[in-house]
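Worksheet: one structure, shown below.
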Amino acid sequence: MNRLPCILQIMSNLFHRFHLPFLCLSMLVSGAQECCAENWSIEGKSWPGADRLFRRDSRWRGADAANSIDLGDHRVLWTFGDSFVDINQDRSQRHRKVATFIRNSIAIQTGYDPTCAEFRPCWQEKQDGTPTSFFRLQGEDNYWPGGGLMLDQKLLLFLIRVRNSNVGLGFSVVGWGAVLIANPQDIPRNWNLKYLSVPQNTLGVMVGSGSSVRIGEWIYSYGSDNSTRHKLFLTRIPVADVSVGDFSSLEWWNGSDTSWRKQTQINTRPPKPIVDDGQTEFTVHYQPKLKSFLLTQFESFPRSPIVIRYARNITGPWSPMQTAFIPEEVDITGKDTMIYAAKAHPEQATEGLAVTYCTNTFDLATVRTDESVYYPRFARFIFKAQVAKAAK
């Protein structure tokens with residue numbers, strides 16, 4: 001058995017736990033493994049054994065989005081967008097068609113292997129016991145969770161602020177938010193949620209809607225705008241500022257590692273995107289085996305392959321799209337099926353890399369009655385070393 005990936009994961013956990021600069025880890029990995037992304041191919045495979053993770057609680061009847069964060073100590077936080085919750089006391093009568101619809105929910109996975117891990121969903125409740133969203137706003141707006149990460153003993157989550165709409169898919173993005181949780185090791189119902197004041201922008205960019213990565217004393221966050229092409233942007237902010245809930249020093253990447261634009265400048269002088277053709281929901285993480293950052297997204301909407309791009313540096317440049325996995329839903333006839341929100345989950349224990357995507361339909365009546373859709377589904381990316389051709 002090749003133990004190098006396991007050793008690298010242990011090293012990664014140690015670096016994360018003791019907050020050593022991430023770039024040191026990259027240098028260590030470079031010395032341990034000579035190959036880079038160009039020397040590997042990626043083969044995607046469905047993973048039905050892991051799909052059962054999201055069906056282990058009969059009250060929680062499905063959701064979309066599916067972001068994950070390793071909380072440590074074998075605990076993984078999942079955050080979801082629109083969710084169905086049925087609290088019927090008779091387990092045999094629980095079904096999505098009688099479930100309560102809420103705008104977000106979370107869950108704690110205990111154990112890193114999704115085929116056998118425990119899955120405990122959580123939401124808030126009104127005074128009469130009716131389920132309601134875990135992250136809540138006053139007024140007509142709602143939150144959908146974005147990316148996030150652990151900061152020392154605190155948990156930072158980015159949020160997408162949305163409002164119901166009569167056009168398009170029935171919602172419009174009206175901003176972004178963030179919440180800082182001082183006690184993520186407690187059970188979620190006891191979490192201290194501190195909603196932060198964050199600077200908005202006129203670009204329609206949902207800061208942190210993709211992923212966040214810590215490198216040294218900086219937090220780098222990826223976000224999508226709400227244009228048709230879904231351009232992706234990169235921001236950074238000092239760890240020390242975010243740890244106390246201060247986002248006033250937010251900066252935007254503007255074309256090079258030495259070119260960062262202050263938040264006060266971007267509305268009149270927009271920064272450059274890192275990718276011109278992204279998706280609303282995606283992830284970026286460092287993949288040690290490839291010695292590269294990996295960007296995971298769908299190629300397009302509503303049905304397309306899941307693709308990856310890679311880059312040596314957090315700022316890019318990013319490679320062209322490479323097809324990694326074609327979900328079976330791509331070949332389903334009929335215009336109602338849609339698949340979206342391809343996201344990588346490197347904390348999951350498996351061969352290769354765990355990835356989820358969401359299944360849905362444009363027919364809301366079908367979503368209520370057909371529980372074969374609207375649960376996240378798992379796939380795995382298997383990395384295969386390319387054999388170098390001998391020189392003639």
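Each chain of the structure tokens is named A, B, ... in the order shown, its residues numbered from 1; ligands are numbered from 1 in display order.
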Do you know which residues are at most 12 Å from A:Gly278 counting only C-alpha atoms, after dropping those on the same chain fewer than 2 positions away, and could you put them as number ranges by chain? A: 210, 222-233, 273-276, 280-284, 295-301, 306-309, 318, 320-321, 340-342
Would you mind writing down, as a PyMOL selection string, each residue of stretch 293-369 of chain A that DSSP on the backbone assigns to strand (DSSP E or B)? chain A and resi 293-298+306-311+322-325+337-345+353-361
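Each of A:Arg61, A:His74, A:Arg94, A:Lys343 was checked against A:Pro121 using only C-alpha atoms; the smallest atom-to-atom distance is that of A:Arg61.
If you count only C-alpha atoms and ignore residues fewer than 4 places along the chain from A:Val98, what sits within 12 Å of it is Arg59, Trp60, Arg61, Phe84, Val85, Asp86, Ile87, Asn88, Gln93, Arg94, Val367, Arg368 and Thr369 of chain A.
Residues with any atom within 7 Å of A:Ala354, counting only C-alpha atoms and excluding same-chain neighbours fewer than 4 positions away, are Ala344, His345, Pro346, Gln348, Thr350, Phe378, Ala379, Arg380 and Phe381 of chain A.
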Go ahead and dump the residues you just picked, N, CA, C and O atoms, as a PDB file, in the first residue's frame.
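Wrote it out as part-v1.pdb, contents follow:
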ATOM      1  N   ALA A 344     -15.723  19.929  -4.162  1.00  0.00           N
ATOM      2  CA  ALA A 344     -14.777  18.937  -3.656  1.00  0.00           C
ATOM      3  C   ALA A 344     -14.770  18.935  -2.136  1.00  0.00           C
ATOM      4  O   ALA A 344     -14.977  19.971  -1.493  1.00  0.00           O
ATOM      5  N   HIS A 345     -14.496  17.744  -1.571  1.00  0.00           N
ATOM      6  CA  HIS A 345     -14.494  17.574  -0.113  1.00  0.00           C
ATOM      7  C   HIS A 345     -13.258  16.766   0.289  1.00  0.00           C
ATOM      8  O   HIS A 345     -13.335  15.557   0.552  1.00  0.00           O
ATOM      9  N   PRO A 346     -12.087  17.415   0.355  1.00  0.00           N
ATOM     10  CA  PRO A 346     -10.840  16.683   0.595  1.00  0.00           C
ATOM     11  C   PRO A 346     -10.737  16.046   1.969  1.00  0.00           C
ATOM     12  O   PRO A 346      -9.873  15.192   2.183  1.00  0.00           O
ATOM     13  N   GLN A 348     -12.896  14.031   3.245  1.00  0.00           N
ATOM     14  CA  GLN A 348     -13.537  12.725   3.238  1.00  0.00           C
ATOM     15  C   GLN A 348     -12.512  11.627   2.949  1.00  0.00           C
ATOM     16  O   GLN A 348     -11.648  11.782   2.085  1.00  0.00           O
ATOM     17  N   THR A 350     -11.269   8.516   1.382  1.00  0.00           N
ATOM     18  CA  THR A 350     -11.561   7.663   0.242  1.00  0.00           C
ATOM     19  C   THR A 350     -10.365   7.643  -0.691  1.00  0.00           C
ATOM     20  O   THR A 350      -9.465   8.494  -0.588  1.00  0.00           O
ATOM     21  N   PHE A 378     -22.646  11.782  -4.484  1.00  0.00           N
ATOM     22  CA  PHE A 378     -21.190  11.705  -4.406  1.00  0.00           C
ATOM     23  C   PHE A 378     -20.588  11.134  -5.687  1.00  0.00           C
ATOM     24  O   PHE A 378     -21.181  10.281  -6.358  1.00  0.00           O
ATOM     25  N   ALA A 379     -19.394  11.613  -5.994  1.00  0.00           N
ATOM     26  CA  ALA A 379     -18.518  11.011  -6.993  1.00  0.00           C
ATOM     27  C   ALA A 379     -17.108  11.022  -6.416  1.00  0.00           C
ATOM     28  O   ALA A 379     -16.847  11.655  -5.383  1.00  0.00           O
ATOM     29  N   ARG A 380     -16.215  10.304  -7.074  1.00  0.00           N
ATOM     30  CA  ARG A 380     -14.805  10.323  -6.680  1.00  0.00           C
ATOM     31  C   ARG A 380     -13.941  10.648  -7.884  1.00  0.00           C
ATOM     32  O   ARG A 380     -14.168  10.130  -8.979  1.00  0.00           O
ATOM     33  N   PHE A 381     -12.937  11.493  -7.675  1.00  0.00           N
ATOM     34  CA  PHE A 381     -11.931  11.747  -8.691  1.00  0.00           C
ATOM     35  C   PHE A 381     -10.721  10.877  -8.374  1.00  0.00           C
ATOM     36  O   PHE A 381     -10.103  11.031  -7.316  1.00  0.00           O
TER      37      PHE A 381
END
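Among the candidates A:Arg236, A:Ser304, A:Val205, A:Ser58, the residue lying nearest to A:Trp252 is A:Arg236 (atoms considered: only C-alpha atoms).
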